[in-house]
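Everything below concerns the one structure shown next.
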Amino acid sequence: MRVLDRKLVRDLGRLWAQALAIALVMACGVATIIISVGSYRSLEDTRTAFYDRYRFGSVFASAIRAPRHLKPRIENISGVVSAELRVVEPVLIDVAGMTEPGSGLAVSVPDFKEPSVNRLYLRYGRMPEPDRENEVVVVEPFADAHGLRPGDTFDAILNGRKQKMNIVGVVLSPEFIYAIGPGDMVPDARRYGIFFMSLKGLSGLFDLDGAFNDVTLTTLRNADTRQIIDALDDILKPYGGSGAYDRDDQFSHAFIDAELDQLQAMSSIIPPIFLLVAAFLVNMILSRLIALEREQVGLLKALGYGNIAIGGHYAKLVVAIALVGLVIGSATGLWLGRGLTRLYAGFFSFPFLIFRQSIDLYVLAGGVTVAAALAGAAKAIWTIVTLPPAVAMRPPAPSTYRSFFLDQIQRLGLFSQLAIMALRHLIRWPVRSFLTALGTSMSVALLITSLFSYDSIDHMIDTIFFQADRQDATLTFVADRAPEALQAATRLPGVLRAEPFRQTAVNLRNGHRELRMAIIGLPYETDLSRILDLDFNPLPPTAQGLILSERVAEKLQLRPGMPVEVELLERDSRTETVTVSGLAQSYVGLTAYMRLEALDRLMRDGARISGTRVSIDGNEMENLYGVIKETPAVASIALQGNSRRAFRDTIEQNINTMMTVYIALAVIITFGVIYNSARIQLSERARELASLRVFGFTRAEVSSVLMIELGIIVLSAQPLGWLIGYFMSWSVVQGFASDLFRIPLIIYPSTFAMASLVVMGAALVSALIVRRRVDRLDLIRVLKTRE
């Protein structure tokens, strides 16, 4: 082993604690890169493989009743590979052991062959046979939620008739990887089920023999989907077509896209924090090491060692620390990445999961980590390399201290001599003091970025479930009905109040900007479901005009008073121009509101309602459920309390997992910064502190010099961390925003306090570890060292 390499090993042995602290910070950066990028690739590869193997559709459309002889025309559209004509109908489900009625979707599959689009993955059992009555296959999440297996049965209301469904298999579909029931915000497999039935059987039950009401297409890879959608709309328009759309607007696909965007946001926000802190720590420790070894470097140069050899020696030290961090981070990232992938398996309905250990991912993480470490060390290495041997062998010039305002403070008697010593040392090295505080503030910022989720979710739940949609349940009819249906709803058992609503699918257009969504019509005096303005005050629907959610207005570049084109997809795609009359607050989906009477006039088909929102006497719930299960006109029932509990449970489970990880990361950053800062200050001031002991100061008094410095740094880091944390939280909110949901930026004072308490606790532990070294100073050995 060469001389410099032996010195490298000795340096690492002597600095092992500081090197390990830096390596752990680097490991956090590596782990977050591997987790976020690896999970992104895993989710994307799994989705792509599932889509390709089971021919997930590219274009989707529905109609009221279209003849099946349209299939050749549809398949002859330029760019279309295949078309699957189906029957798809919403149903009510009654499962033994479940008191409340469930909602579901019945989907047809071809007789005696596999679908050409959206093929099913058969987990076990077999596919339904058309000649056997009411045979179905159910999706796996619904089957698991109820413990259903082939041979079991459940009841469903199909076209007003209660039927007993015989389960013959359990499947997964690329179309329903993420399936949410009516009115829910997260999947509830217990109350929402999808089942597939033979085309012959389902068509007969809904009087659609020789017809279809839903079509999915696969297209060539580079096909122009816009032209395909226009051509398909022209074909289906005479048959009540409600407007075709591509994958981007398909709910399951859109939600997975949102999850991928979140992983990308995580990979761009979190790893740079650790790499910047690691670069600072490397610079701090290497600068001190080089200052201590200044004379040794001069002697090495005098003996003939070149600048490249000496610079390479210190670069090797940095790379060795980075490699330790890379190994720890890679192992941790691999373990946590697999855990996150398994979490996705429980959240998304994939038949398999792909988790590739791509070598390029580890090369990327290693390259970024080593580059960050060398960037932090570059200045210190360049300083020693350019130092002439004669100058290097002389001790550095003593530090020049200025009084600034400390003499005036001392005369006031506000601080002791020891406190003045600590303050003077901080002022002497302002850049290093600021960077140490900045590194500590990153821990505070990281905790705020994770903790604010609790505040935002609490605010979302209060806004959505207690201010806007305050009903106990929402009943959606099979088809729009006359207003007299409202009186029928009020006569249901336990219903205290009922309010109607009407909903229709539209395309909103402003110039070249376009959004597919729904307009909801509400009565003027609505109390159960309220529109909230941007200040969260109730906003009654105006007699004329359209109220848009803030997200819709932003995407379409609209503001109150501007006209917007409304294409009525359920009325022969007729286009009307409506004025925007106001903006509403909404965190979920894309919404627009009108006065119920105004929507009726726009639709030109008389007064109609799509359903009712009801307030229910809790003591009559079971009686209401029993009647709903026997009511053919009701297509689905959304229970607000169930939706709220499912949303909170799902979100809190994810947040608690995330919080554990983030607290661990914040503690590692704090320990790395404070411990290294304290060790360097101790090495710089060991002679001073030993002299104080000789002069008769106690261990506690001597240690206070160091503790005061660290305390000032940690305290000054708090407001800086709050500011950076707020900005990072804003970045997370912007990165996570999608058409499906938005997270509000809400941070309570208690969140800032909690983040600061955790960081200050970790800093105190780090400082106490170094304090033990102060108490154990070898006074004789320290005082014999040269200045």
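Simple scheme: letters A, B, ... for chains in structure tokens order, numbers from 1 for residues in each chain, numbers from 1 for ligands in the order shown.
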message = From a backbone DSSP assignment, name each residue in segment 427-533 of chain A labelled helix (DSSP H, G or I), as JSON, numbers by chain.
response = {"A": [427, 428, 430, 431, 432, 433, 434, 435, 436, 437, 438, 439, 440, 441, 442, 443, 444, 445, 446, 447, 448, 449, 450, 451, 452, 453, 454, 455, 456, 457, 458, 459, 460, 461, 462, 463, 464, 465, 466, 467, 468, 484, 485, 486, 487, 488, 489, 490]}
request  = List the neighbours of Asn166 of chain A out to 8 Å using only C-alpha atoms; skip same-chain residues closer than 4 positions along the sequence, and give me the result as number ranges by chain.
outcome  = A: 134-136, 150-154
For Ala485 of chain A, list every protein, DNA or RNA residue within 9 Å, evaluated using only C-alpha atoms, and leave out those in the same chain fewer than 2 positions away; present the list as a CSV table (one decimal) with all heavy atoms, in the first residue's frame.
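What landed in part-v5.csv:
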```
chain,number,residue,atom,x,y,z
A,481,ARG,N,-85.1,11.9,-14.2
A,481,ARG,CA,-86.6,11.7,-13.9
A,481,ARG,C,-87.2,13.0,-13.7
A,481,ARG,O,-86.6,14.1,-13.5
A,481,ARG,CB,-86.8,10.8,-12.7
A,481,ARG,CG,-86.0,9.5,-12.8
A,481,ARG,CD,-86.3,8.6,-11.6
A,481,ARG,NE,-87.6,8.0,-11.8
A,481,ARG,CZ,-87.9,6.9,-12.5
A,481,ARG,NH1,-86.9,6.3,-13.1
A,481,ARG,NH2,-89.1,6.3,-12.5
A,482,ALA,N,-88.6,13.0,-13.7
A,482,ALA,CA,-89.3,14.2,-13.5
A,482,ALA,C,-89.2,14.7,-12.0
A,482,ALA,O,-88.8,13.9,-11.1
A,482,ALA,CB,-90.8,13.9,-13.8
A,483,PRO,N,-89.4,15.9,-11.7
A,483,PRO,CA,-89.3,16.5,-10.4
A,483,PRO,C,-90.1,15.8,-9.3
A,483,PRO,O,-89.8,15.8,-8.1
A,483,PRO,CB,-89.7,17.9,-10.5
A,483,PRO,CG,-89.5,18.3,-12.0
A,483,PRO,CD,-89.8,17.0,-12.7
A,487,GLN,N,-90.3,14.1,-4.4
A,487,GLN,CA,-91.3,13.8,-3.4
A,487,GLN,C,-91.2,12.3,-3.0
A,487,GLN,O,-91.4,11.9,-1.8
A,487,GLN,CB,-92.7,14.1,-3.9
A,487,GLN,CG,-93.1,15.6,-3.8
A,487,GLN,CD,-92.3,16.4,-4.8
A,487,GLN,OE1,-92.2,16.0,-6.0
A,487,GLN,NE2,-91.8,17.6,-4.4
A,488,ALA,N,-91.0,11.4,-4.0
A,488,ALA,CA,-90.8,10.0,-3.7
A,488,ALA,C,-89.6,9.8,-2.8
A,488,ALA,O,-89.7,9.0,-1.8
A,488,ALA,CB,-90.7,9.2,-5.0
A,489,ALA,N,-88.6,10.5,-3.0
A,489,ALA,CA,-87.4,10.4,-2.1
A,489,ALA,C,-87.6,10.9,-0.7
A,489,ALA,O,-87.1,10.3,0.3
A,489,ALA,CB,-86.2,11.2,-2.7
A,490,THR,N,-88.4,11.9,-0.6
A,490,THR,CA,-88.7,12.4,0.8
A,490,THR,C,-89.6,11.4,1.6
A,490,THR,O,-89.6,11.5,2.8
A,490,THR,CB,-89.4,13.8,0.7
A,490,THR,OG1,-90.6,13.6,0.0
A,490,THR,CG2,-88.5,14.8,0.1
A,500,PRO,N,-82.8,18.1,-4.8
A,500,PRO,CA,-82.5,17.6,-6.1
A,500,PRO,C,-81.2,18.1,-6.7
A,500,PRO,O,-80.7,19.2,-6.3
A,500,PRO,CB,-83.7,18.0,-6.9
A,500,PRO,CG,-84.1,19.3,-6.3
A,500,PRO,CD,-83.8,19.2,-4.8
A,609,ILE,N,-84.4,15.8,-13.0
A,609,ILE,CA,-83.4,15.6,-12.0
A,609,ILE,C,-82.7,14.3,-12.1
A,609,ILE,O,-83.3,13.3,-12.6
A,609,ILE,CB,-84.0,15.8,-10.5
A,609,ILE,CG1,-85.0,14.7,-10.3
A,609,ILE,CG2,-84.6,17.1,-10.3
A,609,ILE,CD1,-85.6,14.7,-8.8
A,611,GLY,N,-80.9,13.0,-9.5
A,611,GLY,CA,-80.8,12.3,-8.2
A,611,GLY,C,-81.1,13.3,-7.1
A,611,GLY,O,-81.5,14.4,-7.3
A,612,THR,N,-81.0,12.8,-5.9
A,612,THR,CA,-81.3,13.6,-4.7
A,612,THR,C,-80.2,13.4,-3.6
A,612,THR,O,-79.6,12.4,-3.5
A,612,THR,CB,-82.6,13.3,-4.1
A,612,THR,OG1,-82.6,12.0,-3.5
A,612,THR,CG2,-83.7,13.5,-5.1
```
Residues near segment 238-255 of chain A, cut-off 10 Å, only C-alpha atoms, skip fewer than 5 positions along chain, as a PyMOL selection string = chain A and resi 47+56-67+174-180+213-217+225-226+228-233+260-261+348+504-507+515-517+567-573+738-741
task = Could you give me, as an NGL selection string, the residues within 7 Å of segment 656-671 of chain A, counting only C-alpha atoms and dropping anything in the same chain fewer than 2 positions from it?
result = :A and (24-25 or 28 or 440 or 443 or 446-447 or 450 or 652-654 or 673-675 or 759 or 762-763 or 766)
request  = For atom CA of Met127 of chain A and atom CA of Val168 of chain A, quote the distance in Å rounded to one decimal.
outcome  =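 So the answer is 6.7 Å.
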query = Which residues come within 8 Å of segment 714-718 of chain A, counting only C-alpha atoms, excluding same-chain residues fewer than 3 positions away, as number ranges by chain?
reply = A: 437-438, 440-441, 444, 710-711, 721-722, 756, 760, 763
request  = Pick out the closest residue to Gly102 of chain A from this set: A:Leu122, A:Leu15, A:Val324, A:Ile157. Count only C-alpha atoms.
outcome  = A:Ile157
key: Nearest to Ala518 of chain A by atom-to-atom distance, counting only C-alpha atoms, from A:Gly589, A:Gly201, A:Gly735, A:Pro540   =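 Of all the options, A:Gly589 lies closest to Ala518 of chain A.
Counting only C-alpha atoms, the residue from A:Thr436, A:Thr526, A:Ser581, A:Ser456 that sits nearest to Leu281 of chain A is A:Thr436.
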